[in-house]
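Pasting data.txt here (compact mmCIF, N, CA and C atoms):
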# COMPACT_ATOMS: atom_id res chain seq x y z
N MET A 1 -24.61 -4.91 -8.04
CA MET A 1 -25.02 -5.74 -9.13
C MET A 1 -26.22 -6.59 -8.74
N GLY A 2 -27.31 -5.94 -8.51
CA GLY A 2 -28.53 -6.65 -8.14
C GLY A 2 -29.25 -7.12 -9.38
N SER A 3 -30.28 -7.89 -9.15
CA SER A 3 -31.08 -8.37 -10.27
C SER A 3 -32.03 -7.27 -10.74
N ILE A 4 -32.68 -7.52 -11.84
CA ILE A 4 -33.63 -6.55 -12.39
C ILE A 4 -34.78 -6.37 -11.42
N ILE A 5 -35.20 -7.44 -10.80
CA ILE A 5 -36.31 -7.35 -9.84
C ILE A 5 -35.92 -6.47 -8.67
N GLU A 6 -34.69 -6.60 -8.18
CA GLU A 6 -34.25 -5.77 -7.06
C GLU A 6 -34.18 -4.31 -7.46
N GLU A 7 -33.72 -4.04 -8.68
CA GLU A 7 -33.66 -2.65 -9.15
C GLU A 7 -35.06 -2.07 -9.29
N GLU A 8 -36.00 -2.88 -9.82
CA GLU A 8 -37.39 -2.42 -9.94
C GLU A 8 -37.99 -2.24 -8.56
N GLY A 9 -37.57 -3.09 -7.60
CA GLY A 9 -38.09 -2.97 -6.25
C GLY A 9 -37.67 -1.66 -5.61
N LEU A 10 -36.52 -1.16 -5.98
CA LEU A 10 -36.08 0.13 -5.45
C LEU A 10 -36.92 1.26 -6.02
N LYS A 11 -37.33 1.12 -7.28
CA LYS A 11 -38.16 2.15 -7.91
C LYS A 11 -39.59 2.11 -7.37
N ASN A 12 -40.14 0.92 -7.16
CA ASN A 12 -41.51 0.76 -6.72
C ASN A 12 -41.54 -0.21 -5.53
N PRO A 13 -41.16 0.23 -4.34
CA PRO A 13 -41.00 -0.67 -3.21
C PRO A 13 -42.29 -1.33 -2.72
N SER A 14 -43.42 -0.72 -2.86
CA SER A 14 -44.65 -1.31 -2.31
C SER A 14 -45.07 -2.55 -3.08
N PHE A 15 -44.88 -2.57 -4.38
CA PHE A 15 -45.31 -3.70 -5.18
C PHE A 15 -44.42 -4.93 -4.98
N TYR A 16 -43.12 -4.73 -4.92
CA TYR A 16 -42.18 -5.85 -4.85
C TYR A 16 -41.84 -6.31 -3.45
N SER A 17 -42.09 -5.55 -2.46
CA SER A 17 -41.67 -5.90 -1.11
C SER A 17 -42.39 -7.15 -0.60
N GLU A 18 -43.68 -7.30 -0.91
CA GLU A 18 -44.42 -8.46 -0.44
C GLU A 18 -43.94 -9.73 -1.13
N SER A 19 -43.77 -9.69 -2.44
CA SER A 19 -43.36 -10.88 -3.17
C SER A 19 -41.92 -11.26 -2.84
N GLN A 20 -41.08 -10.27 -2.60
CA GLN A 20 -39.69 -10.56 -2.28
C GLN A 20 -39.58 -11.21 -0.91
N SER A 21 -40.33 -10.77 0.06
CA SER A 21 -40.22 -11.34 1.40
C SER A 21 -40.73 -12.78 1.39
N ALA A 22 -41.75 -13.09 0.62
CA ALA A 22 -42.25 -14.46 0.54
C ALA A 22 -41.27 -15.36 -0.19
N SER A 23 -40.72 -14.87 -1.29
CA SER A 23 -39.80 -15.71 -2.06
C SER A 23 -38.43 -15.79 -1.40
N ALA A 24 -38.04 -14.80 -0.61
CA ALA A 24 -36.74 -14.84 0.06
C ALA A 24 -36.70 -15.99 1.06
N GLY A 25 -37.77 -16.19 1.82
CA GLY A 25 -37.81 -17.29 2.77
C GLY A 25 -37.77 -18.63 2.06
N GLY A 26 -38.50 -18.75 0.95
CA GLY A 26 -38.51 -20.00 0.19
C GLY A 26 -37.17 -20.29 -0.45
N SER A 27 -36.55 -19.27 -1.03
CA SER A 27 -35.26 -19.50 -1.68
C SER A 27 -34.18 -19.76 -0.64
N GLU A 28 -34.33 -19.18 0.54
CA GLU A 28 -33.38 -19.42 1.61
C GLU A 28 -33.45 -20.89 2.04
N ARG A 29 -34.68 -21.42 2.17
CA ARG A 29 -34.86 -22.82 2.54
C ARG A 29 -34.31 -23.75 1.46
N VAL A 30 -34.56 -23.41 0.20
CA VAL A 30 -34.05 -24.22 -0.90
C VAL A 30 -32.53 -24.22 -0.90
N GLY A 31 -31.94 -23.05 -0.65
CA GLY A 31 -30.48 -22.95 -0.60
C GLY A 31 -29.90 -23.76 0.54
N LEU A 32 -30.53 -23.70 1.71
CA LEU A 32 -30.06 -24.49 2.85
C LEU A 32 -30.22 -25.98 2.59
N LYS A 33 -31.33 -26.34 1.98
CA LYS A 33 -31.58 -27.74 1.67
C LYS A 33 -30.52 -28.26 0.70
N GLN A 34 -30.24 -27.49 -0.33
CA GLN A 34 -29.24 -27.89 -1.32
C GLN A 34 -27.85 -27.97 -0.68
N GLU A 35 -27.53 -27.02 0.16
CA GLU A 35 -26.23 -27.02 0.84
C GLU A 35 -26.12 -28.24 1.76
N GLY A 36 -27.21 -28.56 2.44
CA GLY A 36 -27.21 -29.74 3.31
C GLY A 36 -26.99 -31.02 2.51
N LYS A 37 -27.65 -31.12 1.37
CA LYS A 37 -27.47 -32.30 0.52
C LYS A 37 -26.02 -32.43 0.06
N GLU A 38 -25.43 -31.32 -0.31
CA GLU A 38 -24.04 -31.35 -0.78
C GLU A 38 -23.10 -31.76 0.34
N GLN A 39 -23.37 -31.27 1.57
CA GLN A 39 -22.53 -31.65 2.70
C GLN A 39 -22.66 -33.14 3.01
N VAL A 40 -23.87 -33.66 2.94
CA VAL A 40 -24.08 -35.08 3.19
C VAL A 40 -23.35 -35.91 2.14
N LYS A 41 -23.42 -35.51 0.88
CA LYS A 41 -22.70 -36.23 -0.18
C LYS A 41 -21.19 -36.19 0.06
N ARG A 42 -20.71 -35.01 0.44
CA ARG A 42 -19.27 -34.86 0.67
C ARG A 42 -18.82 -35.72 1.86
N ILE A 43 -19.58 -35.69 2.94
CA ILE A 43 -19.23 -36.48 4.12
C ILE A 43 -19.33 -37.97 3.80
N GLY A 44 -20.37 -38.35 3.06
CA GLY A 44 -20.52 -39.75 2.65
C GLY A 44 -19.35 -40.21 1.81
N GLY A 45 -18.90 -39.38 0.90
CA GLY A 45 -17.75 -39.73 0.06
C GLY A 45 -16.47 -39.88 0.87
N ILE A 46 -16.28 -38.97 1.81
CA ILE A 46 -15.08 -39.04 2.66
C ILE A 46 -15.12 -40.31 3.52
N THR A 47 -16.28 -40.59 4.10
CA THR A 47 -16.42 -41.79 4.93
C THR A 47 -16.19 -43.05 4.12
N ARG A 48 -16.73 -43.07 2.93
CA ARG A 48 -16.56 -44.23 2.04
C ARG A 48 -15.09 -44.45 1.71
N GLN A 49 -14.39 -43.37 1.37
CA GLN A 49 -12.97 -43.49 1.04
C GLN A 49 -12.15 -43.96 2.24
N ARG A 50 -12.47 -43.45 3.43
CA ARG A 50 -11.76 -43.90 4.64
C ARG A 50 -12.00 -45.37 4.89
N ALA A 51 -13.24 -45.81 4.74
CA ALA A 51 -13.55 -47.23 4.97
C ALA A 51 -12.81 -48.10 3.96
N PHE A 52 -12.82 -47.71 2.69
CA PHE A 52 -12.12 -48.49 1.67
C PHE A 52 -10.62 -48.53 1.93
N SER A 53 -10.05 -47.41 2.34
CA SER A 53 -8.60 -47.41 2.59
C SER A 53 -8.25 -48.27 3.80
N GLN A 54 -9.12 -48.28 4.82
CA GLN A 54 -8.85 -49.14 5.98
C GLN A 54 -8.94 -50.62 5.60
N VAL A 55 -9.94 -50.96 4.81
CA VAL A 55 -10.07 -52.35 4.38
C VAL A 55 -8.89 -52.74 3.50
N ASP A 56 -8.48 -51.85 2.60
CA ASP A 56 -7.33 -52.13 1.74
C ASP A 56 -6.06 -52.33 2.55
N SER A 57 -5.89 -51.55 3.62
CA SER A 57 -4.68 -51.68 4.43
C SER A 57 -4.66 -53.00 5.21
N ARG A 58 -5.81 -53.51 5.56
CA ARG A 58 -5.87 -54.77 6.32
C ARG A 58 -6.00 -55.99 5.42
N LYS A 59 -6.20 -55.76 4.16
CA LYS A 59 -6.39 -56.85 3.22
C LYS A 59 -5.14 -57.72 3.11
N GLY A 60 -3.96 -57.12 3.23
CA GLY A 60 -2.71 -57.86 3.14
C GLY A 60 -2.59 -58.93 4.21
N VAL A 61 -3.05 -58.62 5.41
CA VAL A 61 -3.00 -59.59 6.51
C VAL A 61 -3.89 -60.78 6.19
N LEU A 62 -5.06 -60.51 5.64
CA LEU A 62 -5.98 -61.58 5.27
C LEU A 62 -5.40 -62.45 4.17
N VAL A 63 -4.76 -61.84 3.19
CA VAL A 63 -4.14 -62.60 2.09
C VAL A 63 -3.04 -63.51 2.64
N GLU A 64 -2.23 -62.99 3.55
CA GLU A 64 -1.18 -63.80 4.15
C GLU A 64 -1.76 -64.97 4.93
N SER A 65 -2.84 -64.72 5.66
CA SER A 65 -3.50 -65.79 6.43
C SER A 65 -4.07 -66.86 5.50
N LEU A 66 -4.67 -66.44 4.41
CA LEU A 66 -5.22 -67.41 3.46
C LEU A 66 -4.11 -68.24 2.82
N ASN A 67 -3.00 -67.60 2.49
CA ASN A 67 -1.87 -68.35 1.92
C ASN A 67 -1.32 -69.35 2.92
N GLY A 68 -1.23 -68.96 4.19
CA GLY A 68 -0.79 -69.89 5.24
C GLY A 68 -1.74 -71.06 5.40
N PHE A 69 -3.04 -70.77 5.33
CA PHE A 69 -4.04 -71.84 5.42
C PHE A 69 -3.93 -72.80 4.25
N ALA A 70 -3.69 -72.26 3.05
CA ALA A 70 -3.52 -73.11 1.87
C ALA A 70 -2.29 -74.01 2.03
N LYS A 71 -1.22 -73.47 2.59
CA LYS A 71 -0.01 -74.28 2.82
C LYS A 71 -0.28 -75.40 3.82
N GLN A 72 -1.05 -75.08 4.86
CA GLN A 72 -1.40 -76.11 5.84
C GLN A 72 -2.24 -77.22 5.20
N LEU A 73 -3.18 -76.82 4.36
CA LEU A 73 -3.99 -77.83 3.66
C LEU A 73 -3.12 -78.69 2.76
N GLU A 74 -2.16 -78.06 2.08
CA GLU A 74 -1.26 -78.82 1.21
C GLU A 74 -0.42 -79.80 2.02
N SER A 75 0.04 -79.38 3.19
CA SER A 75 0.84 -80.28 4.02
C SER A 75 -0.01 -81.44 4.53
N ILE A 76 -1.28 -81.18 4.83
CA ILE A 76 -2.17 -82.25 5.26
C ILE A 76 -2.38 -83.25 4.12
N SER A 77 -2.57 -82.73 2.92
CA SER A 77 -2.78 -83.64 1.79
C SER A 77 -1.52 -84.41 1.46
N GLY A 78 -0.36 -83.87 1.75
CA GLY A 78 0.91 -84.54 1.48
C GLY A 78 1.19 -85.66 2.46
N GLN A 79 0.59 -85.62 3.63
CA GLN A 79 0.83 -86.67 4.63
C GLN A 79 0.19 -87.99 4.22
N GLY A 80 -0.95 -87.91 3.57
CA GLY A 80 -1.57 -89.12 3.06
C GLY A 80 -2.33 -89.94 4.09
N ASP A 81 -2.20 -89.68 5.37
CA ASP A 81 -2.89 -90.50 6.37
C ASP A 81 -4.18 -89.83 6.88
N THR A 82 -4.68 -88.88 6.12
CA THR A 82 -5.92 -88.21 6.52
C THR A 82 -7.12 -89.01 6.07
N GLN A 83 -8.22 -88.80 6.75
CA GLN A 83 -9.46 -89.49 6.39
C GLN A 83 -10.21 -88.75 5.28
N LEU A 84 -9.81 -87.52 5.00
CA LEU A 84 -10.45 -86.74 3.95
C LEU A 84 -9.90 -87.15 2.59
N PRO A 85 -10.75 -87.20 1.60
CA PRO A 85 -10.28 -87.55 0.25
C PRO A 85 -9.32 -86.48 -0.28
N GLN A 86 -8.32 -86.93 -1.00
CA GLN A 86 -7.31 -86.04 -1.56
C GLN A 86 -7.93 -85.02 -2.52
N GLN A 87 -8.94 -85.45 -3.26
CA GLN A 87 -9.58 -84.56 -4.23
C GLN A 87 -10.27 -83.40 -3.51
N LEU A 88 -10.89 -83.69 -2.37
CA LEU A 88 -11.56 -82.64 -1.59
C LEU A 88 -10.55 -81.63 -1.06
N ILE A 89 -9.44 -82.11 -0.57
CA ILE A 89 -8.40 -81.21 -0.05
C ILE A 89 -7.80 -80.39 -1.19
N GLY A 90 -7.58 -81.04 -2.34
CA GLY A 90 -7.05 -80.32 -3.49
C GLY A 90 -8.00 -79.22 -3.95
N SER A 91 -9.29 -79.48 -3.95
CA SER A 91 -10.28 -78.47 -4.32
C SER A 91 -10.28 -77.32 -3.32
N ALA A 92 -10.17 -77.65 -2.05
CA ALA A 92 -10.14 -76.62 -1.01
C ALA A 92 -8.91 -75.73 -1.17
N VAL A 93 -7.77 -76.35 -1.46
CA VAL A 93 -6.54 -75.57 -1.67
C VAL A 93 -6.71 -74.63 -2.86
N GLY A 94 -7.27 -75.15 -3.95
CA GLY A 94 -7.50 -74.31 -5.14
C GLY A 94 -8.43 -73.15 -4.85
N PHE A 95 -9.50 -73.43 -4.09
CA PHE A 95 -10.46 -72.38 -3.75
C PHE A 95 -9.82 -71.30 -2.88
N VAL A 96 -9.03 -71.71 -1.88
CA VAL A 96 -8.38 -70.74 -0.99
C VAL A 96 -7.35 -69.91 -1.75
N ARG A 97 -6.60 -70.55 -2.61
CA ARG A 97 -5.60 -69.81 -3.42
C ARG A 97 -6.29 -68.80 -4.36
N LYS A 98 -7.38 -69.22 -4.98
CA LYS A 98 -8.10 -68.33 -5.88
C LYS A 98 -8.66 -67.12 -5.11
N ALA A 99 -9.21 -67.37 -3.93
CA ALA A 99 -9.73 -66.28 -3.10
C ALA A 99 -8.61 -65.33 -2.70
N SER A 100 -7.47 -65.89 -2.34
CA SER A 100 -6.32 -65.08 -1.95
C SER A 100 -5.83 -64.22 -3.10
N ASP A 101 -5.74 -64.81 -4.29
CA ASP A 101 -5.29 -64.05 -5.46
C ASP A 101 -6.28 -62.95 -5.82
N THR A 102 -7.57 -63.26 -5.74
CA THR A 102 -8.59 -62.25 -6.06
C THR A 102 -8.51 -61.08 -5.09
N LEU A 103 -8.36 -61.36 -3.82
CA LEU A 103 -8.23 -60.29 -2.82
C LEU A 103 -6.98 -59.45 -3.05
N GLU A 104 -5.90 -60.11 -3.41
CA GLU A 104 -4.63 -59.41 -3.58
C GLU A 104 -4.63 -58.53 -4.83
N GLN A 105 -5.28 -58.98 -5.90
CA GLN A 105 -5.19 -58.28 -7.17
C GLN A 105 -6.23 -57.19 -7.36
N ASN A 106 -7.30 -57.18 -6.58
CA ASN A 106 -8.38 -56.22 -6.76
C ASN A 106 -8.49 -55.28 -5.57
N SER A 107 -8.96 -54.06 -5.86
CA SER A 107 -9.20 -53.11 -4.78
C SER A 107 -10.53 -53.45 -4.11
N THR A 108 -10.78 -52.84 -2.99
CA THR A 108 -12.02 -53.07 -2.26
C THR A 108 -13.23 -52.65 -3.08
N GLU A 109 -13.11 -51.54 -3.79
CA GLU A 109 -14.22 -51.07 -4.62
C GLU A 109 -14.54 -52.07 -5.73
N GLU A 110 -13.49 -52.62 -6.35
CA GLU A 110 -13.70 -53.61 -7.41
C GLU A 110 -14.34 -54.88 -6.86
N LEU A 111 -13.89 -55.32 -5.68
CA LEU A 111 -14.47 -56.51 -5.07
C LEU A 111 -15.94 -56.30 -4.73
N LEU A 112 -16.26 -55.12 -4.22
CA LEU A 112 -17.65 -54.81 -3.90
C LEU A 112 -18.51 -54.77 -5.16
N ARG A 113 -17.98 -54.18 -6.21
CA ARG A 113 -18.70 -54.12 -7.48
C ARG A 113 -18.94 -55.53 -8.04
N GLN A 114 -17.93 -56.39 -7.96
CA GLN A 114 -18.08 -57.76 -8.45
C GLN A 114 -19.13 -58.51 -7.64
N ALA A 115 -19.12 -58.32 -6.32
CA ALA A 115 -20.11 -58.99 -5.47
C ALA A 115 -21.51 -58.52 -5.79
N GLN A 116 -21.70 -57.23 -6.01
CA GLN A 116 -23.01 -56.71 -6.36
C GLN A 116 -23.49 -57.28 -7.69
N THR A 117 -22.60 -57.37 -8.65
CA THR A 117 -22.96 -57.91 -9.96
C THR A 117 -23.39 -59.37 -9.85
N ARG A 118 -22.62 -60.15 -9.11
CA ARG A 118 -22.96 -61.57 -8.97
C ARG A 118 -24.26 -61.76 -8.20
N MET A 119 -24.51 -60.91 -7.21
CA MET A 119 -25.76 -61.03 -6.45
C MET A 119 -26.96 -60.68 -7.32
N ARG A 120 -26.79 -59.72 -8.21
CA ARG A 120 -27.89 -59.36 -9.11
C ARG A 120 -28.15 -60.45 -10.14
N GLU A 121 -27.07 -61.10 -10.59
CA GLU A 121 -27.21 -62.14 -11.60
C GLU A 121 -27.91 -63.38 -11.04
N ARG A 122 -27.56 -63.75 -9.81
CA ARG A 122 -28.11 -64.97 -9.21
C ARG A 122 -28.48 -64.71 -7.75
N PRO A 123 -29.59 -64.05 -7.51
CA PRO A 123 -29.96 -63.71 -6.13
C PRO A 123 -30.25 -64.92 -5.25
N GLY A 124 -30.77 -65.98 -5.81
CA GLY A 124 -31.06 -67.18 -5.03
C GLY A 124 -29.79 -67.81 -4.46
N VAL A 125 -28.78 -67.89 -5.31
CA VAL A 125 -27.50 -68.45 -4.87
C VAL A 125 -26.87 -67.55 -3.81
N ALA A 126 -26.97 -66.24 -4.01
CA ALA A 126 -26.41 -65.30 -3.04
C ALA A 126 -27.11 -65.43 -1.69
N LEU A 127 -28.43 -65.55 -1.71
CA LEU A 127 -29.19 -65.70 -0.47
C LEU A 127 -28.85 -67.01 0.23
N ALA A 128 -28.74 -68.09 -0.55
CA ALA A 128 -28.37 -69.38 0.04
C ALA A 128 -26.96 -69.33 0.63
N GLY A 129 -26.05 -68.65 -0.06
CA GLY A 129 -24.68 -68.51 0.46
C GLY A 129 -24.64 -67.72 1.75
N CYS A 130 -25.44 -66.66 1.82
CA CYS A 130 -25.50 -65.87 3.06
C CYS A 130 -26.07 -66.69 4.21
N ALA A 131 -27.10 -67.49 3.91
CA ALA A 131 -27.70 -68.34 4.95
C ALA A 131 -26.68 -69.38 5.43
N LEU A 132 -25.97 -69.99 4.49
CA LEU A 132 -24.95 -70.97 4.85
C LEU A 132 -23.84 -70.33 5.67
N LEU A 133 -23.40 -69.17 5.25
CA LEU A 133 -22.36 -68.46 5.99
C LEU A 133 -22.83 -68.11 7.40
N GLY A 134 -24.07 -67.69 7.54
CA GLY A 134 -24.62 -67.39 8.86
C GLY A 134 -24.68 -68.62 9.75
N PHE A 135 -25.08 -69.75 9.16
CA PHE A 135 -25.14 -71.00 9.90
C PHE A 135 -23.74 -71.41 10.38
N VAL A 136 -22.77 -71.35 9.48
CA VAL A 136 -21.39 -71.72 9.83
C VAL A 136 -20.84 -70.78 10.91
N ALA A 137 -21.11 -69.49 10.77
CA ALA A 137 -20.63 -68.53 11.77
C ALA A 137 -21.27 -68.79 13.12
N ALA A 138 -22.55 -69.12 13.14
CA ALA A 138 -23.23 -69.40 14.41
C ALA A 138 -22.64 -70.64 15.06
N ARG A 139 -22.38 -71.68 14.28
CA ARG A 139 -21.80 -72.90 14.82
C ARG A 139 -20.38 -72.65 15.34
N PHE A 140 -19.66 -71.82 14.60
CA PHE A 140 -18.29 -71.51 15.01
C PHE A 140 -18.28 -70.71 16.31
N LEU A 141 -19.19 -69.75 16.42
CA LEU A 141 -19.23 -68.92 17.63
C LEU A 141 -19.76 -69.68 18.83
N LYS A 142 -20.60 -70.67 18.61
CA LYS A 142 -21.10 -71.51 19.71
C LYS A 142 -19.99 -72.36 20.31
N ALA A 143 -19.11 -72.85 19.46
CA ALA A 143 -18.06 -73.77 19.89
C ALA A 143 -16.98 -73.12 20.70

As structure tokens - that is how I would like this structure written.
Amino acid sequence: MGSIIEEEGLKNPSFYSESQSASAGGSERVGLKQEGKEQVKRIGGITRQRAFSQVDSRKGVLVESLNGFAKQLESISGQGDTQLPQQLIGSAVGFVRKASDTLEQNSTEELLRQAQTRMRERPGVALAGCALLGFVAARFLKA
């Protein structure tokens, strides 16, 4: 079941042999290129899914840690002898609880999508937040 060109090539081999040999090399390269692209997409998809599943599996530990931190903050605010204002501690507890709930209720893909959307909406705030986070991380690692 060859193509019409191949059948004609059998009838008149001198005319079609030159064009077929030139196009065979080109189509072979195109086929290899396309196959390579498909393999890269497939491997990228597999890698992405593995990364998301690993993050999802470890997300529970982070949620538990955040809940424990929120409880500690609540116990500090309940003591009343802290130098920090109660309103500041209450805000921190609310922020930590909200972050914990968001992590617990959403998948990694959804969280990534939300972060991308917020960064596109307000890139200046996102950049400032990244700079602040970098500064805090550097100070934490120095100590």

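When CA of Val61 in chain A is paired with atom N of Glu74 in chain A, their separation reads 19.0 Å.
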
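Interatomic distance, CA of Asn67 in chain A to CA of Ala131 in chain A: 26.0 Å.
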
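For the choices A:Gln105, A:Thr47, A:Gln34, A:Ser100, the atom-to-atom distance to Leu62 in chain A is smallest for A:Ser100 when using only C-alpha atoms.
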
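Here CA of Gln54 in chain A is placed at a distance of 10.7 Å from atom C of Thr108 in chain A.
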
- Shell of 12 Å around Glu109 in chain A, only C-alpha atoms, local chain residues under 5 positions omitted, as a list in words: Arg48, Gln49, Arg50, Ala51, Phe52, Ser53, Val55, Asp56, Leu103, Gln114, Ala115 and Gln116 of chain A

- Could you pull out the helix (DSSP H, G or I) residues of range 70-119 of chain A from DSSP and send them as a VMD selection string? chain A and resid 70 to 79 86 to 105 108 to 119

- Looking at A:Gly90, A:Val125, A:Gly45, A:Arg97, which one is nearest to Phe69 in chain A, with distances taken over only N, CA and C atoms? A:Arg97

- Neighbourhood query: residues within 12 Å of (-11.6, -74.4, 0.3), file coordinates, counting only C-alpha atoms; return as a VMD selection string. chain A and resid 66 to 67 69 to 74 87 to 100
